[in-house]
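Undergrad: Before I ask anything, here is the structure I am working with.
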Amino acid sequence: MPLRDLVPEIEERDLEAAFHALIRQYRGSLQSDRRALLERYSFVDMARKVVGVGSVGTRCWVVLLVGRDTDDPLLLQIKEATRSVHAEFLGRSRHANQGQRVVAGQRLMQQASDISLGWQRTAGIDGVERDFSVRQLRDWKGSMEVEELRVDGLGIYGELCAWCLARAHARSGDRIAIAGYLGSSAAFENALTDFAAACADVNEGDHRQLAEAAAGRVLARTDT
C-alpha cells in the first residue's frame with residue numbers, strides 16, 4: 001500500500017525523511033563497488049508490504065529508486081529484523097544489529113547472495129529504534145514450476161535442492177560433526193522420508209477439510 005494512503009501528509013513527509021536517512025545509512029553497509037552503484041539511484045516512492053505468515057508482526061517496506069530514467073528502476077525491500085528465536089537457547093548474536101545478523105547468515109549460506117544485501121538501524125516516527133535488513137525486492141533468480149515436473153525431473157530437482165541445503169549446513173555449521181551424526185547408514189534419509197510422508201498426509205487432510213468447508217459446511221468467500 002503506497003505511503004500516501006497510509007498516513008496524513010505531514011506524517012508522510014516525516015516518514016519519507018526517515019527513509020531518506022535510512023537509505024543513506026544503508027549505503028555504509030555495502031561493499032564499495034555496490035555503494036557506488038547505489039549512488040546512481042534516487043528515491044521516488046515507497047509502500048508498505050504485506051509480509052508472509054512467518055513474518056507477521058514485523059514492518060516491511062518497498063522502496064522505489066530510479067537511475068538514469070524511469071526505465072532504470074531499482075526496488076528495495078526494507079524488512080524489520082528482530083531477535084532470533086534461537087538467542088534464548090544459544091545466547092546473544094555476535095552481531096549487535098539484527099539486520100546485520102540476517103545478512104551475514106544469508107551471505108554465509110548462499111552460493112551467490114543478492115548484491116544489494118545490507119542493514120541499518122533507524123528510529124520510526126514513533127521514536128522507537130528498530131533494525132532492518134535490506135535487499136532487492138526481486139533478485140531475478142530462476143525458479144522451477146514444481147507442479148509441472150515429471151517424476152524424473154522432480155527427482156533431479158530434489159537432488160539439487162538437497163545439495164544446496166547440505167552445502168548451506170556445511171558452510172554455516174560444523175561439517176565434521178554433521179557428517180559424524182549422519183553416519184553412513186540410511187537412518188537419516190529414512191527419517192526424512194517418513195517425515196515427508198507424514199506431512200503429505202496432513203496436507204491432504206487439511207485440503208479435504210477446506211474443500212468440505214467450501215462445499216457448504218462453513219461460509220467460504222472467494223472474493224478479494
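Labels used: A, B, ... for chains in the order of the C-alpha cells, numbers from 1 for residues in each chain, and numbers from 1 for ligands as shown.
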Which residues of region 79-137 of chain A come within 12 Å of region 43-53 of chain A, and for each one, what is the closest pair of atoms and their distance in Å to one decimal, counting only C-alpha atoms, sorted by chain and residue number, as JSON lines?
TA:
{"residue": "A:Lys79", "atom": "CA", "partner": "A:Val51", "partner_atom": "CA", "distance": 9.1}
{"residue": "A:Glu80", "atom": "CA", "partner": "A:Val51", "partner_atom": "CA", "distance": 10.5}
{"residue": "A:Leu137", "atom": "CA", "partner": "A:Lys49", "partner_atom": "CA", "distance": 10.4}
Undergrad: How close does region 55-131 of chain A get to region 166-171 of chain A? List, as JSON lines, each residue of region 55-131 of chain A within 7 Å, its nearest atom pair and the distance in Å to one decimal, counting only C-alpha atoms.
TA:
{"residue": "A:Leu108", "atom": "CA", "partner": "A:Arg171", "partner_atom": "CA", "distance": 6.6}
{"residue": "A:Met109", "atom": "CA", "partner": "A:Ala168", "partner_atom": "CA", "distance": 4.4}
{"residue": "A:Gln110", "atom": "CA", "partner": "A:Ala168", "partner_atom": "CA", "distance": 6.5}
Undergrad: When you count only C-alpha atoms, which of these residues is closest to Gly124 (chain A): A:Leu149, A:Leu22, A:Leu182, A:Ile156?
TA: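 Closest residue, counting only C-alpha atoms: A:Leu22.
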Undergrad: Can you tell me which residues surround region 157-161 of chain A at a distance of at most 12 Å, considering only C-alpha atoms, apart from same-chain residues fewer than 4 positions away, and format the answer as a list in words?
TA: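 Once the nearby chain positions are removed, what remains is Ser143, Met144, Glu145, Val146, Glu147, Glu148, Leu149, Arg150, Val151, Asp152, Gly153, Leu165, Ala166, Arg167 and Ala168 of chain A.
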Undergrad: So that I can see what lies close to Arg107 (chain A), please list as a PyMOL selection string the residues with an atom at most 12 Å from it, counting only C-alpha atoms and leaving out residues fewer than 3 positions away in the same chain.
TA: chain A and resi 100-104+110-118+135+168+171-172
Undergrad: Give the answer as one residue: which of A:Ser42, A:Leu76, A:Phe89, A:Gly173 has the shortest atom-to-atom distance to Gly105 (chain A), using only C-alpha atoms?
TA: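 Among the listed residues, A:Gly173 lies closest to Gly105 (chain A).
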Undergrad: For Gly28 (chain A), which residue among A:Ala186, A:Glu16, A:Trp119, A:Val62 is the nearest when counting only C-alpha atoms?
TA: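 Nearest candidate to Gly28 (chain A) out of A:Ala186, A:Glu16, A:Trp119, A:Val62: A:Trp119.
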Undergrad: Of the residues A:Ala211, A:Leu38, A:Arg59, A:Arg92, which is the one nearest to Phe132 (chain A), using only C-alpha atoms?
TA: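 Closest to Phe132 (chain A) of all the choices is A:Arg59.
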Undergrad: Could you pull out the residues in region 43-211 of chain A that DSSP calls alpha helix (DSSP H) from the backbone, as a PyMOL selection string?
TA: chain A and resi 87-90+98-109+151-172+175-182+187-211
Undergrad: Could you list, as an MDAnalysis selection string, every residue within 7 Å of Thr82 (chain A), counting only C-alpha atoms and ignoring same-chain residues fewer than 2 positions away?
TA: chainID A and resid 80 84 98 131
Undergrad: Out of region 2-197 of chain A, which residues get strand (DSSP E) from DSSP, as a PyMOL selection string?
TA: chain A and resi 42-48+60-66+73-80+118-123+129-136
Undergrad: At a cut-off of 7 Å, using only C-alpha atoms, what residues contact Arg130 (chain A)? Leave out same-chain residues fewer than 4 positions from it and give the result as a PyMOL selection string.
TA: chain A and resi 80+121-123
Undergrad: With only C-alpha atoms as the basis for distance, which of A:His95, A:Glu39, A:Asp194, A:Glu88 is at the shortest distance from Tyr26 (chain A)?
TA: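 Closest candidate: A:Glu39.
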Undergrad: For Pro73 (chain A), which residue out of A:Gln136, A:Ser32, A:Leu90, A:Asp126 is the nearest one, using only C-alpha atoms?
TA: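 Selected residue with least distance to Pro73 (chain A): A:Gln136.
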